[in-house]
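Dropping start-v3.cif in here (mmCIF, C-alpha atoms):
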```cif
data_final
loop_
_atom_site.label_atom_id
_atom_site.label_comp_id
_atom_site.auth_asym_id
_atom_site.auth_seq_id
_atom_site.Cartn_x
_atom_site.Cartn_y
_atom_site.Cartn_z
CA MET B 1 118.97 20.20 42.30
CA MET B 2 118.49 23.85 43.17
CA ARG B 3 121.26 24.97 45.45
CA LEU B 4 120.26 27.25 48.28
CA PHE B 5 122.94 29.79 47.48
CA GLY B 6 125.14 30.54 44.56
CA PRO B 7 124.61 31.52 40.96
CA ASP B 8 121.48 29.43 40.40
CA LEU B 9 119.55 31.41 42.94
CA HIS B 10 121.10 34.78 42.22
CA VAL B 11 120.08 34.70 38.60
CA LEU B 12 116.43 34.59 39.68
CA ALA B 13 116.53 38.33 40.53
CA GLY B 14 115.17 39.25 37.09
CA VAL B 15 112.25 36.85 36.95
CA TYR B 16 111.47 37.59 40.58
CA ALA B 17 111.19 41.33 39.86
CA LEU B 18 108.75 40.55 37.03
CA ASP B 19 106.60 38.30 39.27
CA GLY B 20 107.70 35.46 37.04
CA ILE B 21 108.12 32.79 39.73
CA ASP B 22 104.89 30.84 40.05
CA ASP B 23 106.28 28.17 42.39
CA ASP B 24 105.66 29.33 45.96
CA ALA B 25 108.49 27.26 47.42
CA GLU B 26 110.98 28.59 44.91
CA ARG B 27 109.85 32.16 45.54
CA SER B 28 110.12 31.90 49.31
CA ARG B 29 113.60 30.35 48.96
CA PHE B 30 114.63 33.35 46.92
CA GLU B 31 113.04 35.81 49.35
CA HIS B 32 114.87 34.10 52.18
CA HIS B 33 118.09 34.55 50.23
CA LEU B 34 117.26 38.22 49.60
CA ARG B 35 117.22 38.95 53.30
CA ARG B 36 120.87 38.00 53.60
CA CYS B 37 122.19 39.15 50.25
CA GLN B 38 122.25 42.94 50.14
CA GLN B 39 123.59 42.89 46.61
CA CYS B 40 120.65 40.77 45.46
CA ALA B 41 118.18 43.02 47.28
CA ASP B 42 119.69 46.08 45.57
CA GLU B 43 119.49 44.35 42.23
CA VAL B 44 115.84 43.43 42.76
CA ARG B 45 115.07 47.01 43.80
CA GLU B 46 116.64 48.39 40.61
CA MET B 47 114.93 45.81 38.46
CA SER B 48 111.57 46.58 40.03
CA ALA B 49 112.16 50.26 39.28
CA THR B 50 113.00 49.28 35.70
CA ALA B 51 109.80 47.22 35.47
CA THR B 52 107.88 50.24 36.76
CA ARG B 53 109.05 52.20 33.75
CA LEU B 54 107.71 49.45 31.51
CA GLY B 55 104.45 49.72 33.42
CA PHE B 56 104.24 53.49 32.98
CA ALA B 57 104.82 53.07 29.27
CA ALA B 58 101.58 51.07 29.14
CA THR B 59 99.56 53.95 30.62
CA GLN B 60 95.95 54.08 29.46
CA ALA B 61 93.08 56.33 30.47
CA PRO B 62 90.99 54.43 33.01
CA PRO B 63 87.20 54.38 32.72
CA PRO B 64 86.02 57.76 34.05
CA GLN B 65 83.58 56.26 36.55
CA MET B 66 86.44 54.43 38.26
CA ARG B 67 87.66 57.58 39.99
CA GLU B 68 84.54 58.20 41.96
CA ARG B 69 84.24 54.54 42.89
CA VAL B 70 87.77 54.30 44.20
CA LEU B 71 87.58 57.57 46.13
CA ALA B 72 84.24 56.56 47.64
CA ALA B 73 85.59 53.13 48.56
CA ALA B 74 88.63 54.74 50.18
CA ALA B 75 86.38 57.03 52.24
CA ARG B 76 84.74 54.03 53.83
CA THR B 77 87.83 51.83 54.17
CA ARG B 78 89.94 51.88 57.31
CA GLN B 79 93.67 52.10 56.67
CA LEU B 80 96.21 49.72 58.13
CA PRO B 81 98.45 51.17 60.84
CA PRO B 82 102.18 51.41 60.14
CA VAL B 83 104.39 48.53 61.15
CA ILE B 84 106.38 49.61 64.19
CA ASP B 85 109.96 48.46 64.23
CA HIS B 86 110.89 48.71 67.90
CA ALA B 87 114.55 48.37 67.09
CA ARG B 88 114.59 51.78 65.42
CA PRO B 89 113.95 55.23 66.84
CA ALA B 90 110.66 56.61 65.53
CA ALA B 91 112.11 59.55 63.64
CA GLU B 92 114.60 57.56 61.69
CA PRO B 93 112.62 56.17 58.79
CA ARG B 94 111.87 59.62 57.40
CA GLN B 95 115.52 60.43 57.05
CA ARG B 96 116.26 57.10 55.51
CA ARG B 97 115.14 57.97 52.03
CA ALA B 98 116.80 55.62 49.61
CA HIS B 99 117.55 57.96 46.74
CA GLY B 100 117.92 61.64 45.90
CA ARG B 101 114.14 61.96 45.66
CA SER B 102 113.73 63.27 49.17
CA ARG B 103 115.93 66.21 48.39
CA GLN B 104 113.98 67.03 45.27
CA ALA B 105 110.71 66.79 47.11
CA ARG B 106 111.62 69.48 49.60
CA PRO B 107 110.57 72.57 47.59
CA LEU B 108 106.90 71.68 48.02
CA PRO B 109 106.15 73.50 51.27
CA ARG B 110 108.14 76.51 50.11
CA LEU B 111 106.21 76.48 46.91
CA ALA B 112 102.99 76.63 48.86
CA TRP B 113 104.21 79.74 50.69
CA GLY B 114 105.30 81.37 47.46
CA VAL B 115 101.77 81.40 46.16
CA VAL B 116 99.75 82.25 49.22
CA ALA B 117 97.52 84.34 47.04
CA ALA B 118 96.48 81.29 45.06
CA SER B 119 93.55 79.21 46.10
CA VAL B 120 93.95 75.86 47.77
CA VAL B 121 92.86 74.19 44.56
CA VAL B 122 95.63 75.88 42.66
CA ILE B 123 98.17 74.84 45.24
CA VAL B 124 97.06 71.26 44.87
CA VAL B 125 97.39 71.60 41.11
CA LEU B 126 100.84 73.11 41.56
CA ALA B 127 101.91 70.29 43.80
CA THR B 128 100.80 67.94 41.06
CA VAL B 129 102.73 69.95 38.51
CA LEU B 130 105.85 69.83 40.58
CA VAL B 131 105.55 66.13 41.23
CA ARG B 132 105.11 65.68 37.49
CA VAL B 133 108.17 67.77 36.85
CA GLN B 134 110.13 65.57 39.17
CA SER B 135 108.81 62.39 37.68
CA ASP B 136 109.36 63.33 34.09
CA LEU B 137 112.68 61.69 33.50
CA ASN B 138 112.86 63.04 29.99
CA LYS B 139 113.03 66.62 31.15
CA SER B 140 116.52 67.92 31.08
CA ARG B 141 118.00 69.03 34.34
CA ALA B 142 118.31 72.55 32.92
CA GLN B 143 114.61 72.73 32.23
CA GLN B 144 113.79 71.48 35.70
CA ILE B 145 115.93 74.23 37.16
CA ALA B 146 114.24 76.81 34.94
CA ILE B 147 110.82 75.63 36.08
CA THR B 148 111.81 75.64 39.72
CA ARG B 149 113.13 79.19 39.34
CA VAL B 150 109.72 80.39 38.20
CA ILE B 151 107.75 78.48 40.80
CA GLU B 152 109.97 79.73 43.59
CA ALA B 153 110.14 83.34 42.44
CA PRO B 154 108.92 85.76 45.15
CA ASP B 155 106.38 87.25 42.73
CA ALA B 156 105.16 83.89 41.39
CA ARG B 157 101.43 83.79 40.77
CA ALA B 158 99.16 80.99 39.74
CA VAL B 159 96.06 81.21 37.58
CA THR B 160 93.73 78.42 36.55
CA GLN B 161 91.23 78.93 33.78
CA ARG B 162 88.88 76.73 31.75
CA THR B 163 89.37 76.49 28.02
CA SER B 164 86.45 76.79 25.65
CA LEU B 165 86.94 73.11 24.72
CA GLY B 166 86.74 71.99 28.35
CA GLY B 167 89.53 71.10 30.74
CA THR B 168 91.67 73.64 32.51
CA ALA B 169 95.02 75.29 32.03
CA THR B 170 97.08 76.30 35.01
CA VAL B 171 99.81 78.86 34.64
CA VAL B 172 102.43 79.85 37.15
CA TYR B 173 104.12 83.03 36.07
CA SER B 174 106.72 85.40 37.35
CA HIS B 175 107.29 88.85 35.93
CA SER B 176 110.67 89.08 37.60
CA ARG B 177 111.77 85.90 35.82
CA HIS B 178 110.01 86.81 32.53
CA ALA B 179 108.77 83.25 32.34
CA LEU B 180 105.70 81.16 32.83
CA ILE B 181 104.91 77.50 33.17
CA LEU B 182 101.77 76.01 31.78
CA THR B 183 100.19 72.69 32.46
CA SER B 184 96.73 71.44 31.60
CA ALA B 185 94.27 68.98 33.04
CA HIS B 186 91.45 67.12 31.32
CA LEU B 187 91.95 69.02 28.11
CA PRO B 188 90.43 66.93 25.28
CA PRO B 189 93.02 65.66 22.77
CA PRO B 190 93.28 68.04 19.80
CA PRO B 191 91.28 67.04 16.69
CA GLY B 192 93.10 64.61 14.37
CA GLY B 193 96.38 65.95 13.02
CA LYS B 194 96.11 69.16 15.03
CA VAL B 195 98.08 70.52 17.94
CA TYR B 196 97.56 73.08 20.66
CA GLU B 197 99.80 76.08 20.18
CA LEU B 198 100.59 78.74 22.74
CA TRP B 199 100.89 82.46 22.06
CA LEU B 200 102.06 85.52 23.88
CA LEU B 201 99.44 88.09 22.95
CA GLY B 202 101.17 91.40 23.46
CA PRO B 203 100.04 94.89 22.59
CA PRO B 204 102.95 95.33 20.16
CA ARG B 205 102.63 91.91 18.51
CA VAL B 206 101.67 88.27 18.87
CA ARG B 207 104.52 85.79 19.37
CA ALA B 208 104.40 82.02 18.97
CA ALA B 209 105.23 80.43 22.34
CA GLY B 210 105.50 76.74 21.60
CA LEU B 211 103.30 73.67 21.33
CA LEU B 212 101.57 71.78 24.08
CA PRO B 213 103.01 68.28 24.53
CA ALA B 214 100.78 65.22 24.23
CA THR B 215 98.46 64.52 27.12
CA ALA B 216 99.46 61.92 29.69
CA LEU B 217 97.20 60.81 32.52
CA GLY B 218 94.82 63.62 31.63
CA HIS B 219 97.55 66.20 32.16
CA THR B 220 100.21 67.69 29.96
CA SER B 221 103.70 67.91 31.32
CA PRO B 222 104.80 71.44 32.15
CA VAL B 223 105.79 73.75 29.30
CA ILE B 224 108.00 76.69 30.00
CA VAL B 225 107.50 79.90 28.04
CA LYS B 226 110.19 82.53 28.34
CA GLY B 227 110.38 86.17 27.37
CA PHE B 228 106.97 87.44 28.32
CA VAL B 229 106.64 91.09 29.27
CA PRO B 230 104.08 93.08 31.26
CA GLY B 231 100.93 93.50 29.21
CA ASP B 232 101.18 90.10 27.53
CA GLN B 233 98.29 87.70 27.68
CA LEU B 234 98.65 83.99 27.15
CA GLY B 235 96.62 82.47 24.34
CA MET B 236 96.06 78.95 23.09
CA THR B 237 94.71 77.91 19.67
CA VAL B 238 94.22 74.72 17.70
CA GLU B 239 96.66 74.65 14.77
CA PRO B 240 97.87 72.18 12.13
CA ALA B 241 100.57 69.71 13.22
CA GLY B 242 103.92 71.41 13.66
CA GLY B 243 102.33 74.73 14.59
CA THR B 244 102.12 78.01 12.69
CA ASN B 245 103.74 81.45 12.84
CA ARG B 246 100.53 83.24 13.69
CA PRO B 247 97.22 82.09 15.11
CA THR B 248 94.77 80.91 12.45
CA THR B 249 91.80 80.01 14.68
CA THR B 250 89.89 81.59 17.54
CA PRO B 251 91.78 81.10 20.80
CA ILE B 252 90.32 78.49 23.11
CA LEU B 253 92.00 80.26 25.99
CA VAL B 254 93.05 83.85 26.65
CA MET B 255 94.59 84.35 30.04
CA PRO B 256 95.58 87.73 31.47
CA LEU B 257 98.87 87.73 33.36
CA ARG B 258 98.44 90.59 35.80
CA VAL B 259 101.45 92.12 37.49
CA MET W 1 104.79 61.13 44.86
CA ASP W 2 106.52 59.89 48.00
CA GLY W 3 105.44 63.00 49.93
CA LEU W 4 101.91 62.56 48.69
CA LEU W 5 101.86 58.97 49.87
CA ALA W 6 102.95 60.05 53.34
CA LYS W 7 99.88 62.31 53.49
CA VAL W 8 97.69 59.49 52.24
CA ALA W 9 99.08 57.29 55.02
CA ARG W 10 97.72 59.85 57.50
CA GLY W 11 94.24 59.53 56.03
CA ASP W 12 94.29 62.61 53.79
CA GLU W 13 91.55 61.93 51.22
CA ASN W 14 92.43 64.98 49.12
CA ALA W 15 96.00 63.77 48.81
CA PHE W 16 94.63 60.40 47.76
CA ALA W 17 92.57 62.05 45.02
CA VAL W 18 95.72 63.73 43.69
CA LEU W 19 97.61 60.45 43.93
CA TYR W 20 94.76 58.72 42.13
CA ASP W 21 95.09 61.13 39.21
CA GLN W 22 98.77 60.29 38.92
CA LEU W 23 98.49 56.56 39.35
CA ALA W 24 95.18 55.50 37.86
CA GLY W 25 96.41 55.68 34.24
CA PRO W 26 99.61 53.68 34.75
CA VAL W 27 97.90 51.17 37.05
CA TYR W 28 94.94 50.66 34.75
CA GLY W 29 97.12 50.53 31.65
CA LEU W 30 99.44 47.92 33.10
CA VAL W 31 96.60 45.78 34.44
CA ARG W 32 94.83 46.06 31.10
CA ARG W 33 97.97 44.93 29.30
CA VAL W 34 98.22 41.81 31.46
CA VAL W 35 94.56 40.97 32.06
CA ARG W 36 93.18 42.22 28.71
CA ASP W 37 89.48 42.01 29.55
CA PRO W 38 88.29 45.60 30.23
CA ALA W 39 85.75 44.73 32.94
CA GLN W 40 88.17 42.50 34.84
CA SER W 41 90.96 45.05 34.42
CA GLU W 42 88.81 47.76 35.92
CA GLU W 43 88.02 45.53 38.86
CA VAL W 44 91.68 44.70 39.46
CA ALA W 45 92.79 48.32 39.03
CA GLN W 46 90.24 49.43 41.61
CA GLU W 47 91.47 46.80 44.04
CA VAL W 48 95.04 47.96 43.51
CA LEU W 49 94.26 51.64 44.09
CA LEU W 50 92.25 50.83 47.18
CA GLU W 51 95.14 48.70 48.40
CA VAL W 52 97.41 51.73 47.96
CA TRP W 53 95.05 53.71 50.19
CA ARG W 54 94.72 50.92 52.75
CA THR W 55 98.39 50.06 53.10
CA ALA W 56 99.99 53.47 52.49
CA ALA W 57 101.44 53.46 56.01
CA ARG W 58 103.31 50.26 55.21
CA PHE W 59 105.21 51.80 52.32
CA ASP W 60 108.94 51.75 53.01
CA PRO W 61 110.87 54.37 51.01
CA ALA W 62 114.10 52.46 51.64
CA LYS W 63 112.85 49.75 49.31
CA GLY W 64 112.07 51.99 46.35
CA SER W 65 109.89 54.86 45.17
CA ALA W 66 106.17 55.18 45.76
CA ALA W 67 105.54 54.69 42.05
CA THR W 68 107.46 51.41 42.06
CA TRP W 69 105.64 50.28 45.17
CA ALA W 70 102.23 50.93 43.61
CA MET W 71 103.12 49.44 40.24
CA THR W 72 104.52 46.34 41.94
CA ILE W 73 101.18 45.85 43.68
CA ALA W 74 99.40 46.41 40.36
CA HIS W 75 101.51 43.88 38.51
CA ARG W 76 101.22 41.27 41.23
CA ARG W 77 97.43 41.61 41.39
CA ALA W 78 97.14 41.42 37.62
CA VAL W 79 99.32 38.33 37.53
CA ASP W 80 97.30 36.75 40.35
CA ARG W 81 94.18 37.34 38.33
CA VAL W 82 95.45 35.70 35.15
CA ARG W 83 97.05 32.83 37.02
CA SER W 84 93.93 31.95 38.95
CA ALA W 85 92.24 28.76 37.83
CA THR W 86 89.15 30.46 36.43
CA ALA W 87 91.22 32.49 34.03
CA ALA W 88 93.14 29.49 32.74
CA ALA W 89 90.81 28.68 29.88
CA GLU W 90 90.62 32.27 28.75
CA ARG W 91 94.39 32.48 28.65
CA GLU W 92 94.70 29.46 26.40
CA LYS W 93 92.78 31.45 23.83
CA ARG W 94 94.90 34.51 24.27
CA THR W 95 98.22 32.77 23.64
CA SER W 96 97.80 33.01 19.90
CA VAL W 97 97.29 36.77 19.87
CA LEU W 98 99.94 37.61 22.41
CA LEU W 99 102.95 37.82 20.11
CA PRO W 100 103.80 40.63 19.63
CA PRO W 101 102.03 42.58 22.36
CA ALA W 102 99.40 44.73 20.73
CA ASP W 103 98.91 48.42 21.34
CA ASP W 104 95.20 48.38 21.76
CA VAL W 105 92.78 51.18 22.58
CA ALA W 106 93.49 53.89 20.08
CA ASP W 107 92.12 56.59 22.32
CA ALA W 108 94.51 55.67 25.09
CA VAL W 109 96.03 58.61 26.79
CA GLU W 110 99.69 58.03 26.20
CA ALA W 111 102.67 58.88 28.27
CA SER W 112 104.19 59.52 24.88
CA LEU W 113 107.72 60.55 25.75
CA GLU W 114 108.11 57.83 28.31
CA ARG W 115 106.64 55.33 25.93
CA GLU W 116 109.01 56.36 23.20
CA ARG W 117 111.99 56.14 25.47
CA VAL W 118 111.02 52.74 26.82
CA ARG W 119 110.48 51.53 23.28
CA ARG W 120 113.93 52.72 22.26
CA CYS W 121 115.44 50.89 25.22
CA LEU W 122 113.51 47.72 24.39
CA ASP W 123 114.80 47.99 20.83
CA GLY W 124 118.33 47.87 22.23
CA LEU W 125 117.80 44.37 23.61
CA THR W 126 118.40 41.13 21.79
CA GLU W 127 115.29 39.57 20.30
CA LEU W 128 115.27 36.86 22.95
CA GLN W 129 115.72 39.28 25.85
CA ARG W 130 112.95 41.50 24.56
CA GLU W 131 110.53 38.66 23.99
CA SER W 132 111.20 37.07 27.37
CA ILE W 133 110.74 40.32 29.26
CA THR W 134 107.66 41.32 27.31
CA LEU W 135 106.00 37.95 27.82
CA ALA W 136 106.86 37.85 31.51
CA TYR W 137 105.93 41.44 32.34
CA TYR W 138 103.18 42.46 29.95
CA GLY W 139 101.96 38.92 29.36
CA GLY W 140 102.00 37.94 33.02
CA TYR W 141 103.60 34.59 32.21
CA SER W 142 105.82 32.71 34.65
CA TYR W 143 109.36 32.07 33.49
CA ARG W 144 108.52 28.41 33.00
CA GLU W 145 105.70 29.37 30.67
CA VAL W 146 107.93 31.83 28.84
CA ALA W 147 110.54 29.08 28.37
CA GLU W 148 107.84 26.79 26.98
CA LEU W 149 106.47 29.46 24.64
CA LEU W 150 109.90 30.32 23.29
CA GLY W 151 111.17 26.74 23.30
CA ILE W 152 114.30 27.39 25.35
CA THR W 153 115.67 26.08 28.64
CA LEU W 154 114.76 27.44 32.07
CA GLY W 155 118.37 28.41 32.73
CA THR W 156 118.54 30.44 29.53
CA ILE W 157 115.30 32.28 30.30
CA LYS W 158 116.46 33.26 33.78
CA THR W 159 119.73 34.69 32.52
CA ARG W 160 118.20 36.37 29.47
CA ILE W 161 115.59 38.13 31.58
CA ARG W 162 118.17 39.26 34.11
CA ASP W 163 120.65 40.43 31.45
CA GLY W 164 117.87 42.19 29.58
CA LEU W 165 116.64 44.00 32.68
CA ILE W 166 120.17 45.11 33.49
CA ARG W 167 120.49 46.52 29.99
CA LEU W 168 117.11 48.25 30.27
CA ARG W 169 118.04 49.64 33.66
CA ASP W 170 121.20 51.19 32.23
CA CYS W 171 119.42 52.48 29.14
CA MET W 172 116.69 54.12 31.21
CA GLY W 173 119.13 55.50 33.76
CA VAL W 174 117.39 53.80 36.68
CA THR W 175 119.35 54.12 39.91
#
```

Written as structure tokens, that's how I'd like the structure from this file.
Amino acid sequence: MMRLFGPDLHVLAGVYALDGIDDDAERSRFEHHLRRCQQCADEVREMSATATRLGFAATQAPPPQMRERVLAAAARTRQLPPVIDHARPAAEPRQRRAHGRSRQARPLPRLAWGVVAASVVVIVVLATVLVRVQSDLNKSRAQQIAITRVIEAPDARAVTQRTSLGGTATVVYSHSRHALILTSAHLPPPPGGKVYELWLLGPPRVRAAGLLPATALGHTSPVIVKGFVPGDQLGMTVEPAGGTNRPTTTPILVMPLRV
Amino acid sequence: MDGLLAKVARGDENAFAVLYDQLAGPVYGLVRRVVRDPAQSEEVAQEVLLEVWRTAARFDPAKGSAATWAMTIAHRRAVDRVRSATAAAEREKRTSVLLPPADDVADAVEASLERERVRRCLDGLTELQRESITLAYYGGYSYREVAELLGITLGTIKTRIRDGLIRLRDCMGVT
């Protein structure tokens, strides 16, 4: 009944991308078809990317002990070698990035140079921040540009500090750009109904600097704070939902931003 | 993430630790959604992440992003687990609680913006599209099983899932 080509087969792209074909013969027929139908292959690729978004929306914190187990298992597991396609010159695959991602990924090495003063740990954190920036599809393009401007500023500096509630905050700041970017890792969720609020603690006065977004994967996505001036320190407090005009609790973090 | 995976492919364990921090939540969450049982989910998620380490050099960026590659492995492994014979009995029991998919684990660390956006896009689908996709993806059901559960023909399921995914793709701005 099932024709080898034609609409019957083509319409399987959706269920195929969701691993919804449990009949091996039917799946291999479709995979065979995919190899000759570029349009179908493109469609499956897009649908898999769509499914990935559904997967990310189901994100849950894994059991903490899993990390060590996986990393230890990796350390004693040999990796498979790449598959060599003799038909292609060796250098080609790297240039053959499918989407615009490769172009966005390029700032990483430059970023590392921009913060030579920072420790290796901070650079790793920054790389994570930048990857998160790139992956956060909800961030407006304008905000991404603003963040990149700070990270790439010649005077960009990075500081990581523990908060009094545990977890760390990492700030990349640039005096020349009057802006800083904050991200956090392993910060416990704020107590029920509360939020983390940021402050610029200046000698003349204290200014509210925005709320920390909800935690995802143990990190918060980068927050950009503009308008800081020399002498300001960055503070973070726990405040009622929606935030307040002035800090009402003892800061859990006070970070100097040296010139 | 693609650059990170290239480092992992060259055996960089530090890069793998960073990649782990980015992927463990989505991988575990997805597996948990499909497999349900926490102990089994942990086992599957570990296998998936180790598979990412082991086969990193086989990742082909022409076929999609690193995230999609990893999540595809995760979904496939989760589905393999629930479709294996030993899990069959357990699944019979689960059928009754599967509609609608529950948001369990209150302390889950949420990718809140992403979640919200995906939810909005799912809300833009027809009831049938949404149910079919949810059952197939989060439920780990084959399209035959989805057709049976929803009492509609195989042909209808295939087209509804495809149409629904196309609509989701456009809503999410996937390219």

Item to check | Hits of the PyMOL selection byres ((chain W) within 6 of (chain B)) in this structure, as a ChimeraX atom specification | outcome: /W:25-26,28-30,54-55,57-58,61-62,68,71,108-111,114-115,137,142-143,161-162,169

Write the selection just made, keeping C-alpha atoms, as a PDB file, in the coordinates of the input?
```
ATOM      1  CA  GLY W  25      96.410  55.680  34.240  1.00  0.00           C
ATOM      2  CA  PRO W  26      99.610  53.680  34.750  1.00  0.00           C
ATOM      3  CA  TYR W  28      94.940  50.660  34.750  1.00  0.00           C
ATOM      4  CA  GLY W  29      97.120  50.530  31.650  1.00  0.00           C
ATOM      5  CA  LEU W  30      99.440  47.920  33.100  1.00  0.00           C
ATOM      6  CA  ARG W  54      94.720  50.920  52.750  1.00  0.00           C
ATOM      7  CA  THR W  55      98.390  50.060  53.100  1.00  0.00           C
ATOM      8  CA  ALA W  57     101.440  53.460  56.010  1.00  0.00           C
ATOM      9  CA  ARG W  58     103.310  50.260  55.210  1.00  0.00           C
ATOM     10  CA  PRO W  61     110.870  54.370  51.010  1.00  0.00           C
ATOM     11  CA  ALA W  62     114.100  52.460  51.640  1.00  0.00           C
ATOM     12  CA  THR W  68     107.460  51.410  42.060  1.00  0.00           C
ATOM     13  CA  MET W  71     103.120  49.440  40.240  1.00  0.00           C
ATOM     14  CA  ALA W 108      94.510  55.670  25.090  1.00  0.00           C
ATOM     15  CA  VAL W 109      96.030  58.610  26.790  1.00  0.00           C
ATOM     16  CA  GLU W 110      99.690  58.030  26.200  1.00  0.00           C
ATOM     17  CA  ALA W 111     102.670  58.880  28.270  1.00  0.00           C
ATOM     18  CA  GLU W 114     108.110  57.830  28.310  1.00  0.00           C
ATOM     19  CA  ARG W 115     106.640  55.330  25.930  1.00  0.00           C
ATOM     20  CA  TYR W 137     105.930  41.440  32.340  1.00  0.00           C
ATOM     21  CA  SER W 142     105.820  32.710  34.650  1.00  0.00           C
ATOM     22  CA  TYR W 143     109.360  32.070  33.490  1.00  0.00           C
ATOM     23  CA  ILE W 161     115.590  38.130  31.580  1.00  0.00           C
ATOM     24  CA  ARG W 162     118.170  39.260  34.110  1.00  0.00           C
ATOM     25  CA  ARG W 169     118.040  49.640  33.660  1.00  0.00           C
TER      26      ARG W 169
END
```

Determine the residue set returned by the PyMOL selection byres ((chain W and resi 7) around 12) for the present structure, and present it as a short mmCIF file (atom, residue, chain, number, x, y, z; two decimals) with C-alpha atoms, in the coordinates of the input.
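Writing the result to selection35.cif gives the following:
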```
data_model
loop_
_atom_site.label_atom_id
_atom_site.label_comp_id
_atom_site.auth_asym_id
_atom_site.auth_seq_id
_atom_site.Cartn_x
_atom_site.Cartn_y
_atom_site.Cartn_z
CA MET W 1 104.79 61.13 44.86
CA ASP W 2 106.52 59.89 48.00
CA GLY W 3 105.44 63.00 49.93
CA LEU W 4 101.91 62.56 48.69
CA LEU W 5 101.86 58.97 49.87
CA ALA W 6 102.95 60.05 53.34
CA VAL W 8 97.69 59.49 52.24
CA ALA W 9 99.08 57.29 55.02
CA ARG W 10 97.72 59.85 57.50
CA GLY W 11 94.24 59.53 56.03
CA ASP W 12 94.29 62.61 53.79
CA GLU W 13 91.55 61.93 51.22
CA ASN W 14 92.43 64.98 49.12
CA ALA W 15 96.00 63.77 48.81
CA PHE W 16 94.63 60.40 47.76
CA ALA W 17 92.57 62.05 45.02
CA VAL W 18 95.72 63.73 43.69
CA LEU W 19 97.61 60.45 43.93
CA TRP W 53 95.05 53.71 50.19
CA ALA W 56 99.99 53.47 52.49
CA ALA W 57 101.44 53.46 56.01
CA PHE W 59 105.21 51.80 52.32
#
```

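The space between atom CA of Arg117 of chain W and atom CA of Ala146 of chain B spans 22.8 Å.
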
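Note that the spacing between atom CA of Leu128 of chain W and atom CA of His75 of chain W amounts to 21.9 Å.
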
Kindly provide, as AutoDock Vina command-line options, the centre and edge lengths (Å, one decimal) of an axis-aligned box around all atoms of segment 236-248 of chain B given in the file, with 6 Å on each side.
```
--center_x 99.1 --center_y 76.5 --center_z 17.6 --size_x 21.7 --size_y 25.5 --size_z 23.0
```

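Counting from atom CA of Val146 of chain W, the distance to atom CA of Thr134 of chain W is 9.6 Å.
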
Spell out the residues picked by the PyMOL selection byres ((chain B and resi 161) around 10) here, as a PDB file with C-alpha atoms, keeping the file's coordinate frame.
```pdb
ATOM      1  CA  VAL B 159      96.060  81.210  37.580  1.00  0.00           C
ATOM      2  CA  THR B 160      93.730  78.420  36.550  1.00  0.00           C
ATOM      3  CA  ARG B 162      88.880  76.730  31.750  1.00  0.00           C
ATOM      4  CA  THR B 163      89.370  76.490  28.020  1.00  0.00           C
ATOM      5  CA  SER B 164      86.450  76.790  25.650  1.00  0.00           C
ATOM      6  CA  GLY B 166      86.740  71.990  28.350  1.00  0.00           C
ATOM      7  CA  GLY B 167      89.530  71.100  30.740  1.00  0.00           C
ATOM      8  CA  THR B 168      91.670  73.640  32.510  1.00  0.00           C
ATOM      9  CA  ALA B 169      95.020  75.290  32.030  1.00  0.00           C
ATOM     10  CA  THR B 170      97.080  76.300  35.010  1.00  0.00           C
ATOM     11  CA  VAL B 171      99.810  78.860  34.640  1.00  0.00           C
ATOM     12  CA  SER B 184      96.730  71.440  31.600  1.00  0.00           C
ATOM     13  CA  LEU B 253      92.000  80.260  25.990  1.00  0.00           C
ATOM     14  CA  VAL B 254      93.050  83.850  26.650  1.00  0.00           C
ATOM     15  CA  MET B 255      94.590  84.350  30.040  1.00  0.00           C
TER      16      MET B 255
END
```

Checklist entry - Using only C-alpha atoms, which of the listed residues (W:Ile73, W:Ile157, W:Leu50, W:Ile152) sits closest to Ala136 of chain W? => result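 Closest to Ala136 of chain W of all the choices is W:Ile157.
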
Item to check | Surrounding residues of Gly164 of chain W excluding itself and chain neighbours under 5 positions, 8 Å, only C-alpha atoms, as JSON, numbers by chain | outcome: {"W": [125, 126, 129, 130, 133]}

Compute the distance from (97.0, 81.8, 23.0) to each atom, counting only C-alpha atoms, keep the residues with any atom at most 7 Å away, and return them as a compact mmCIF listing (two decimals) with C-alpha atoms, in the frame of the given file; use the coordinates of the file.
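Once written, selection-v5.txt looks like this:
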```txt
# COMPACT_ATOMS: atom_id res chain seq x y z
CA GLU B 197 99.80 76.08 20.18
CA LEU B 198 100.59 78.74 22.74
CA TRP B 199 100.89 82.46 22.06
CA LEU B 200 102.06 85.52 23.88
CA LEU B 201 99.44 88.09 22.95
CA LEU B 234 98.65 83.99 27.15
CA GLY B 235 96.62 82.47 24.34
CA MET B 236 96.06 78.95 23.09
CA THR B 237 94.71 77.91 19.67
CA PRO B 251 91.78 81.10 20.80
CA LEU B 253 92.00 80.26 25.99
CA VAL B 254 93.05 83.85 26.65
```

Next on the checklist: Counting all atoms listed in the file, which residue out of W:Ser65, W:Gly173, W:Arg77, W:Arg144 sits closest to Lys158 of chain W?
Outcome noted: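 The closest residue to Lys158 of chain W is W:Arg144.
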